[in-house]
Amino acid sequence: MSELLPFAGETLLVAEFWLWQFLGRLHPLTVHFPIGILVIALVLELYSLRKKNRELRGGIHLLLLIGAISAIAAVLFGLLLKTQDQYSGNVLTIHQWSGIATALLALATAILHGHIIRKNNIHLFKTYRTILIFTVISVTVAGHYGASLTHGSDFLTSVLPWNNDGFNSDFDIAQFTAGEGKPALDASQAADLNLEVRSIFAHNCYKCHSSEKMKGELRLDKKVFVMKGGESGPVITPGHPDESEMIRRLELPRDDEESMPPKGKTLKEKEIATLKFWIQMGAPWPENADEKTVYRVAKLEPRMPALPRAQQDLQNPVDLFVDAYFKENKITWPEVVDDRIYIRRVHLDIIGLLPIPEKVDAFVKDNDPDKRGKLVRELLDRNDDYAQHWLTFWNDALRNDYSGTGYITGGRFAITDWLYESLKVNKPYDVFVRELISPDKRSEGFIKGIEWRGAVNASQRVEMQAAQNVSQVFLGLNLKCASCHDSFVSDWTLKQAYAFANIFSDTALEINRCDVPTGTMAGTGIIFSELGTIDSTATVDDKLEQLAEYLTAPKNGRLYRTIVNRIWSRLMGRGIVAPVDLMDNVPWSQDLLDWLASDFVQNGNDLKNLIFTIATSKAYQLPSVEIKSEEKVLADDYTFKGMHRRKLSAEQFADAVSFVIYPVYHDTLKVFDPFKKSKPIVSTPQVRAALVKNDRFLTALGRPNRENVLTERASEANLLQALELTNGDLFNSALESGARKWKSQYKTSEEIILSVYEKALSREPEPDEMKIALDRLGSTPNEDDIEDFLWAVMLLPEFQLIY
Amino acid sequence: MNSTWSRREFLQKASAATMAALAAGMPTAGLLSSCGKNKIKSKADTVILLWMAGGMAHTDTFDPKKYTPFEKGMQANSVLSTFKSLPTALDGISFSEGLQSIGSVMNLGTIIRSYVAADLGHILHSRHQYHWHTCYEPPQTVAAPHIGSWIAKELGPKNPVIPAFIDIGQRFTVGEAEELKAFHTAGFLGNEFGPFFIPDPSTGLESVKPPVGMSYERFERRNQLYNELISKSPVGEFGSDYQKESLRRSMEQAYMLLNSPEAKAFDLSKEPKESYDKYNTGRFGLGCLLARRLTEQGARFISVTTEYEPFKGWDTHENGYTRLIDMKKQIDVPVAQLIKDLKETGHLDRTLVILASEFSRDMMVEGRPGAKVKEQVDQPDVIHELKHYGMHRHFTDGCSILMFGGGIKQGFIYGKTSDERPCKTVEKQIKIDRIHQTLYHALGIAEDTNYVVEERPFYTTPDGKGVAEMELFA
C-alpha cells in the first residue's frame, strides 16, 4: 500500500486492496442520500420562505448537515471507485467535478445556515438561499451524469419515441404473445424469433464473442457454441430466462464488473425482452438457421419501378422519383440555380474545367428553353476533355498511376492507355468491366494487382487483391474482412472469399485464416452464386471470361446499381446509397436507384447518357446544400435536398489555376500523352494535372497514393494543403508568371479585376469587391500586387468550391 | 483589417498552452471515430525518431563483438566486428569505435540489443521500412498510417503553429522512392495528419515563411486583401458550410504558422555558430539540430533520417568497413549533442528520442538463421580486398535500438545477442509492435486505440496486440 491518494500517480495498487474496493462500491449506495436530502432541504426552505415559518429551521439544519456529510462521503467513495474500474471520459469528468462541487457547496450551506441560526444573522439569508439553490443544481447535474455513467447516456432519452437510434428492427414479440394462454411457436415463427435473436447478438456481442475473439471462451455466432456456453458454464437455460447467466449479466447495473456488454451501449429493454422471450420459448434455433442472414443484403436482381405520374413542370424521370421522395419528406422544390452557377457547375462536373467567360455570357443571353440540355450534350461531346477529367476518378478507383509501389520489381502494370481510350470513346460500361476482368495486355493491370517483393500475407496475395478490388469497385461490396477470416460485418465467409479469389488463380489456393494455413480448400465460385457457375477446371483466362460474362449479365442488378450510384455521387456529392462502396446500405430512394440502374442497362450501358440524365434533371439544378459537418453526410437521418457543395479536386484546382492564370504544368511534365497518335479535337492550352505524376502540390490537395482502391477522396481542407497554397513553389511560380502575363496584357486595374473575376468565378465583381481590389492595385498596378490579387482570388472558397 | 492584427498580436502574446487549448477546441476533420477506453498517464509529449536508413549492422555499431582486423586472405566467416570496441559511460558496455560521443551519454538512456525484424522473405529495404514505420506489413488492404500520423491524430500538435508530424531529410528523389512514399503518409487517417516535409534542414525556414522573395509586410497585406475579399464575397451566403469553413480555418492556421515567432525555430542560421558547427556533419546532423530547435518550441513527432538510397549510407553491400567510418562520423556527435542539449534544457524529461534501423547486417547470413532468404550480395568466402570487408548481407534476427528520455530508464541494457555467429538475439526478443506500443504508452496512447475503416477496426498495432515493454520505463 504505497499509494492512498487515488488522484496521484499509479492507481493500480489502490485497486488491488479489498477495503478500498469495498468502500468504492459503496458509492452507488451513498450518492442517493445527498440527492434526496438536499432537495428536501430546499423544498422546506422554499416552504418556509412563503410561510415565514421559523419552526422548520432546526429540521432544515439537520438535513443540511446530513446532506453535506453524505455528499462528502459519496465523493470520497466515488474517487475510490474511479481507481478500480476503468472509468474515463467527459461524462466522468463532469460527474466527478459536479460531485465535488456539490460536497463543497453543501458544506458551505450547512456552515452558513448554522451561523445564521446561532447569530440570528438575518441579512445572510439571501446568500445562504442562493448557495442552497446552487447546491441542488449541482447535485442534480452530478446525479444526472452519474446515472449516465451507470445506465448509459441514453438511459432516459432512449425510451422517448423519437429517439430510436442505432440498430433497430420492427420486430415485436407481441406478435407471438398476443392471444390467450402460453403461446406456442410454429416453425416459421421460431425461425423469425431466432433470426431476431441472432441479429441482437451480431450487433451487440460478436465483437468479443465470435470466431475472431472468444472472450470468456464464449461464442455467440453458432448454435452449438451458444448452447455450450463459456468458461463459466452455460449462458442460457432454455425455458428459464431467470436462471440464464446471459440475462443476469445483461441486467446487471452498468458499474458491475460482470455487466454485459462491458463497454458501449447497453442492450435496449426491448432487446433484452426478446432474448428472455426466446429463452422462455426454449431458445429455438432451427438447424438450417445459420444460413439465414442477419445483415441487410441488397437485392441482386434488377427492378424497373413504375414512373410516378408525370407533372407539368417535371419531365425527367429522376425528378419524378425525387418529387415523390420530396412529397414523402414534406420538402418543397426550391428554385433552380441561375445560368451562371449552372454553367460553372456542369463544366466542372463533366469536363473538370471552368467555362470561358464569353461562353458564360452567350449562355446567359441565350433564350432557348432547352439551352441547359444542349450545353450538357456539348460538354459530353468534348471527348478528350471529358476523358481527361474522368481519368482521375477511374485512376483512383482502379488504383492506376504513372508511378507507385510495385513497378520497381515488375509487380505492377499501368492501364492508362486502355483507360483513356475507353473513356474517350465512351465504351459501354459492361464492355468496360468485361475488359478489366477478362483483360488483354493493355487492361490487365487492374486484376494483376500490386506485387511486392518477398513473402506477403495470404490475404494480400494478388489473387485475393483481385477478388477484393473487383468486389469493391464493381459490386460495392467489402470482401476485405472475409479474406482473412469470416466477416463480422457481413455474411461473407473466408471460404467464399477464397472461392472468389480462386477464379483469378491458376491453382486453387489453400485457405489461410489470419495468415495461418488451414489445410482446406474452397472450390471456385462467384460470391453471388446465383449469377452462374464457374468451371473450376478451366484455365484462368476461361474462368475470367466466365466471370466477366456473369458479372455483367443484366440480371446482376448490383453491378449497375453500383455504377449509377457512383456517378450520382460524383455529380451530387453523396450517393443514393452511401458510402458508395457499401451497396448493402439502405438507399434514400430505392425506386430512383433501381430506375437509374435499369434505365442505364436499357440505354446500352451508356455512361454519358446517364450523366446527361442526371445533369439535366431539376434535382441536379437545385441550389447546393449546406452541410454543417461531414458526419451529417452519412447520418442515418440524411435527407436529400440537392447536391452538396464540394471542394475542387487537386486536378480540378490545378487545371483551374492553369486556365485562369498561367499553366501550372509544362508540357515536359506530361507522362501520358493522349494525343501521340492523333490531333486533339478540343485543345486545352495547358497540360492537365491528370496527365502528370503525383507531386507535393497535388498530394497536398488530396491526390492519393494509388496503392489502394479509393472511390471517394477526403473533402476537407487542412493545414498542409494551406501551407502548400501559401508558400509552395509550384503554385507561386504559376502566380508569378501569371502576374507578368496579366501586366503585359491589360492596361488598367479595372480590366484586370474584371477579367480575373469573369474567368475565375464566372461573374463580374460586386462594387465592393471592385473597390477593395482597386484600392490594392492602384491605377497602374505592379506585378507584385497583381500576383497577390490573383492569389487571393484563387483561395476564395467561391473559387475552390463546386456550388 | 483589425481582426488579423489583433490575431497576430494575440498569437505573439499567447502562451503555447493557451494556443494548444484553443486548437483542441477546433473541430477536427474526418468521419473516423476513435475507439478505445483505457487511459494512460503520459510520460512524454514529444518523440524524435532518428532513422538509420538502409540497415545498420549491430555488430559494427552498438553491439560490437570480437574485433577481427582486416587481413588479406582471411575467412569471411571469421569476421565478427570490423571495428574495435571502446567503453561507454556504462560499466561493461562497449560500442564500436567511432561512436564514443553517443557512448558518453548512454548513462541517460537505454540500449535495446534484441530487436528482431519481421521475416518478410526476399529482402526489400523499403518494405521493412514500411513495416517499421507503420507496424503493418505491406501490402495492406487499407492505407496504413505512419506512426507519426497516429501520434498527430491522437495528440494533435503540441504547439498549434508547429505541424504535429515533421519529417526531416527525406527527399524521394532516389530509388524506391515510390515505396518510401507509400508509408510516409497518414493513410486512411487523412492528409491532415500526414508528414510536413523538410527535405533539407538547412532550408527549413523556407517551408514556414512567405514565398521566396516576399517580404513579411507584403505577406501581411496579401493576407489582408484575401480576408477583405472573402468578407465581401457573395460566398457569404453559403453560410457555415463545413467545406468552406475548413478552407478558411486551414488558411488561418497556415497564416498563423508563417507569422508566428516559433517559425524562427526552423531557421538554423539563428543557432550560435559553436553549436551549429557541432551538429554540422551534413544533412543528418543538421536535421538533429533542427529537431532540437523544434522540440524546444513544442513539436510533437519528428523524424530525422540519414535517408535511404539503395547501396548508399547504411545500405552497405560492399566497402562496409570504410563506409561505416563515414556514417559514424555523420551521426555520432550530433546524436550525442542532441541528447546533451535536451538534457540541459530539461526537455529530455518529456521527449523520447529513439534511434533505430529497419534491420541489421551480417557478413554471412542473409535473412535470419533458419530462414535464410534469396542472396542479394556477392560476398566471397575468403576476403582478399578491403571492399569485401564489412557487414554486407541483410540480417533480421538482431538489431540495436537506442532510447533516451520520456520516462525511459537511464543506463539500462535490454536484451542480448550471441557473441558468436550467428549473432542473433538470445535474450528478450522484442518486435515492432512492442516498440510501437512502448512509444505510444510513453505518450499516453492506449493499446486499444483504433478507428473503424471500411468496416474493420484498424488499431495502432495489428489487432491491438502490441504491448508496451514496461521494463524499459523508469
# chains A, B, ... in the order shown; residues from 1 in each chain; ligands from 1
$ interface_residues --of "chain A" --to "chain B" --cutoff "6 Å" --atoms "only C-alpha atoms" --output "number ranges by chain"
A: 404-405, 454-455, 626-629, 631, 716-719, 722-723, 727, 788, 792, 797-798
$ write_last_selection --atoms "N, CA and C atoms" --output "JSON list (two decimals), in the first residue's frame"
[["chain", "number", "residue", "atom", "x", "y", "z"],
["A", 404, "GLY", "N", 4.38, 4.48, -58.54],
["A", 404, "GLY", "CA", 3.81, 3.88, -57.35],
["A", 404, "GLY", "C", 4.58, 2.63, -56.99],
["A", 405, "THR", "N", 4.16, 1.99, -55.91],
["A", 405, "THR", "CA", 4.86, 0.79, -55.50],
["A", 405, "THR", "C", 4.67, -0.31, -56.54],
["A", 454, "GLY", "N", 9.14, -10.45, -51.91],
["A", 454, "GLY", "CA", 9.17, -11.12, -50.61],
["A", 454, "GLY", "C", 7.88, -11.87, -50.30],
["A", 455, "ALA", "N", 7.78, -12.30, -49.04],
["A", 455, "ALA", "CA", 6.62, -13.08, -48.61],
["A", 455, "ALA", "C", 5.51, -12.12, -48.18],
["A", 626, "GLU", "N", -26.06, 23.19, -47.96],
["A", 626, "GLU", "CA", -25.01, 23.44, -46.97],
["A", 626, "GLU", "C", -24.98, 22.28, -45.99],
["A", 627, "ILE", "N", -23.80, 21.76, -45.78],
["A", 627, "ILE", "CA", -23.65, 20.66, -44.82],
["A", 627, "ILE", "C", -22.82, 21.19, -43.66],
["A", 628, "LYS", "N", -23.37, 21.05, -42.47],
["A", 628, "LYS", "CA", -22.68, 21.63, -41.32],
["A", 628, "LYS", "C", -21.48, 20.81, -40.89],
["A", 629, "SER", "N", -21.55, 19.52, -41.05],
["A", 629, "SER", "CA", -20.39, 18.72, -40.70],
["A", 629, "SER", "C", -20.39, 17.48, -41.57],
["A", 631, "GLU", "N", -20.01, 14.49, -40.81],
["A", 631, "GLU", "CA", -20.77, 13.39, -40.23],
["A", 631, "GLU", "C", -22.20, 13.34, -40.76],
["A", 716, "GLU", "N", -12.24, 17.66, -46.86],
["A", 716, "GLU", "CA", -11.95, 18.83, -46.05],
["A", 716, "GLU", "C", -10.55, 19.37, -46.30],
["A", 717, "ALA", "N", -10.43, 20.67, -46.20],
["A", 717, "ALA", "CA", -9.12, 21.29, -46.36],
["A", 717, "ALA", "C", -8.33, 21.11, -45.08],
["A", 718, "ASN", "N", -7.01, 21.22, -45.17],
["A", 718, "ASN", "CA", -6.20, 21.08, -43.96],
["A", 718, "ASN", "C", -4.96, 21.94, -44.03],
["A", 719, "LEU", "N", -4.23, 21.96, -42.93],
["A", 719, "LEU", "CA", -3.08, 22.86, -42.80],
["A", 719, "LEU", "C", -2.01, 22.60, -43.86],
["A", 722, "ALA", "N", -3.03, 24.14, -46.97],
["A", 722, "ALA", "CA", -2.99, 25.60, -46.92],
["A", 722, "ALA", "C", -1.56, 26.10, -47.02],
["A", 723, "LEU", "N", -0.62, 25.38, -46.40],
["A", 723, "LEU", "CA", 0.78, 25.79, -46.48],
["A", 723, "LEU", "C", 1.28, 25.70, -47.92],
["A", 727, "ASN", "N", 2.84, 29.03, -49.58],
["A", 727, "ASN", "CA", 4.23, 29.27, -49.99],
["A", 727, "ASN", "C", 4.83, 28.16, -50.83],
["A", 788, "ASP", "N", -0.49, 39.14, -55.90],
["A", 788, "ASP", "CA", -1.20, 38.99, -54.63],
["A", 788, "ASP", "C", -2.71, 38.93, -54.84],
["A", 792, "ALA", "N", -5.17, 35.83, -53.91],
["A", 792, "ALA", "CA", -6.34, 35.97, -53.03],
["A", 792, "ALA", "C", -7.59, 35.39, -53.70],
["A", 797, "PRO", "N", -13.06, 30.69, -51.10],
["A", 797, "PRO", "CA", -13.90, 29.48, -51.11],
["A", 797, "PRO", "C", -14.77, 29.43, -52.37],
["A", 798, "GLU", "N", -15.21, 30.57, -52.82],
["A", 798, "GLU", "CA", -16.07, 30.58, -54.01],
["A", 798, "GLU", "C", -15.33, 29.98, -55.22]]
$ residues_around --residues "stretch 114-126 of chain A" --least-positions-apart "4" --cutoff "7 Å" --atoms "only C-alpha atoms" --output "NGL selection string"
:A and (61 or 110 or 130)
$ residues_around --residues "B:Ile198" --least-positions-apart "5" --cutoff "8 Å" --atoms "only C-alpha atoms" --output "number ranges by chain"
B: 166-170, 203-204, 207
$ select_by_dssp --residues "stretch 333-433 of chain A" --states "alpha helix (DSSP H)" --output "ChimeraX atom specification"
/A:339-346,357-365,371-380,383-397,416-424,429-433
$ select_by_dssp --residues "stretch 120-231 of chain B" --states "strand (DSSP E)" --output "ChimeraX atom specification"
/B:165-168,196-198
$ write_last_selection --atoms "C-alpha atoms" --output "PDB file, in the first residue's frame"
ATOM      1  CA  PHE B 165       4.345  15.435 -37.736  1.00  0.00           C
ATOM      2  CA  ILE B 166       7.570  16.788 -39.192  1.00  0.00           C
ATOM      3  CA  ASP B 167       9.788  14.715 -41.417  1.00  0.00           C
ATOM      4  CA  ILE B 168      13.320  15.951 -41.909  1.00  0.00           C
ATOM      5  CA  PHE B 196       5.228  18.040 -43.112  1.00  0.00           C
ATOM      6  CA  PHE B 197       8.383  17.512 -45.146  1.00  0.00           C
ATOM      7  CA  ILE B 198      11.577  19.435 -44.695  1.00  0.00           C
TER       8      ILE B 198
END
$ atom_distance --atom1 "atom CA of A:Thr616" --atom2 "atom CA of A:Ile567"
13.8 Å
$ atom_distance --atom1 "atom CA of A:Leu79" --atom2 "atom CA of A:Cys208"
29.4 Å
$ residues_around --residues "B:Phe412" --least-positions-apart "4" --cutoff "7 Å" --atoms "only C-alpha atoms" --output "list in words"
Gly109, Thr110 and Ile111 of chain B
$ write_last_selection --atoms "C-alpha atoms" --output "mmCIF file, in the first residue's frame"
data_model
loop_
_atom_site.group_PDB
_atom_site.id
_atom_site.type_symbol
_atom_site.label_atom_id
_atom_site.label_comp_id
_atom_site.auth_asym_id
_atom_site.auth_seq_id
_atom_site.Cartn_x
_atom_site.Cartn_y
_atom_site.Cartn_z
ATOM 1 C CA GLY B 109 19.372 6.214 -21.997
ATOM 2 C CA THR B 110 18.620 2.603 -22.744
ATOM 3 C CA ILE B 111 20.125 0.328 -25.318
#
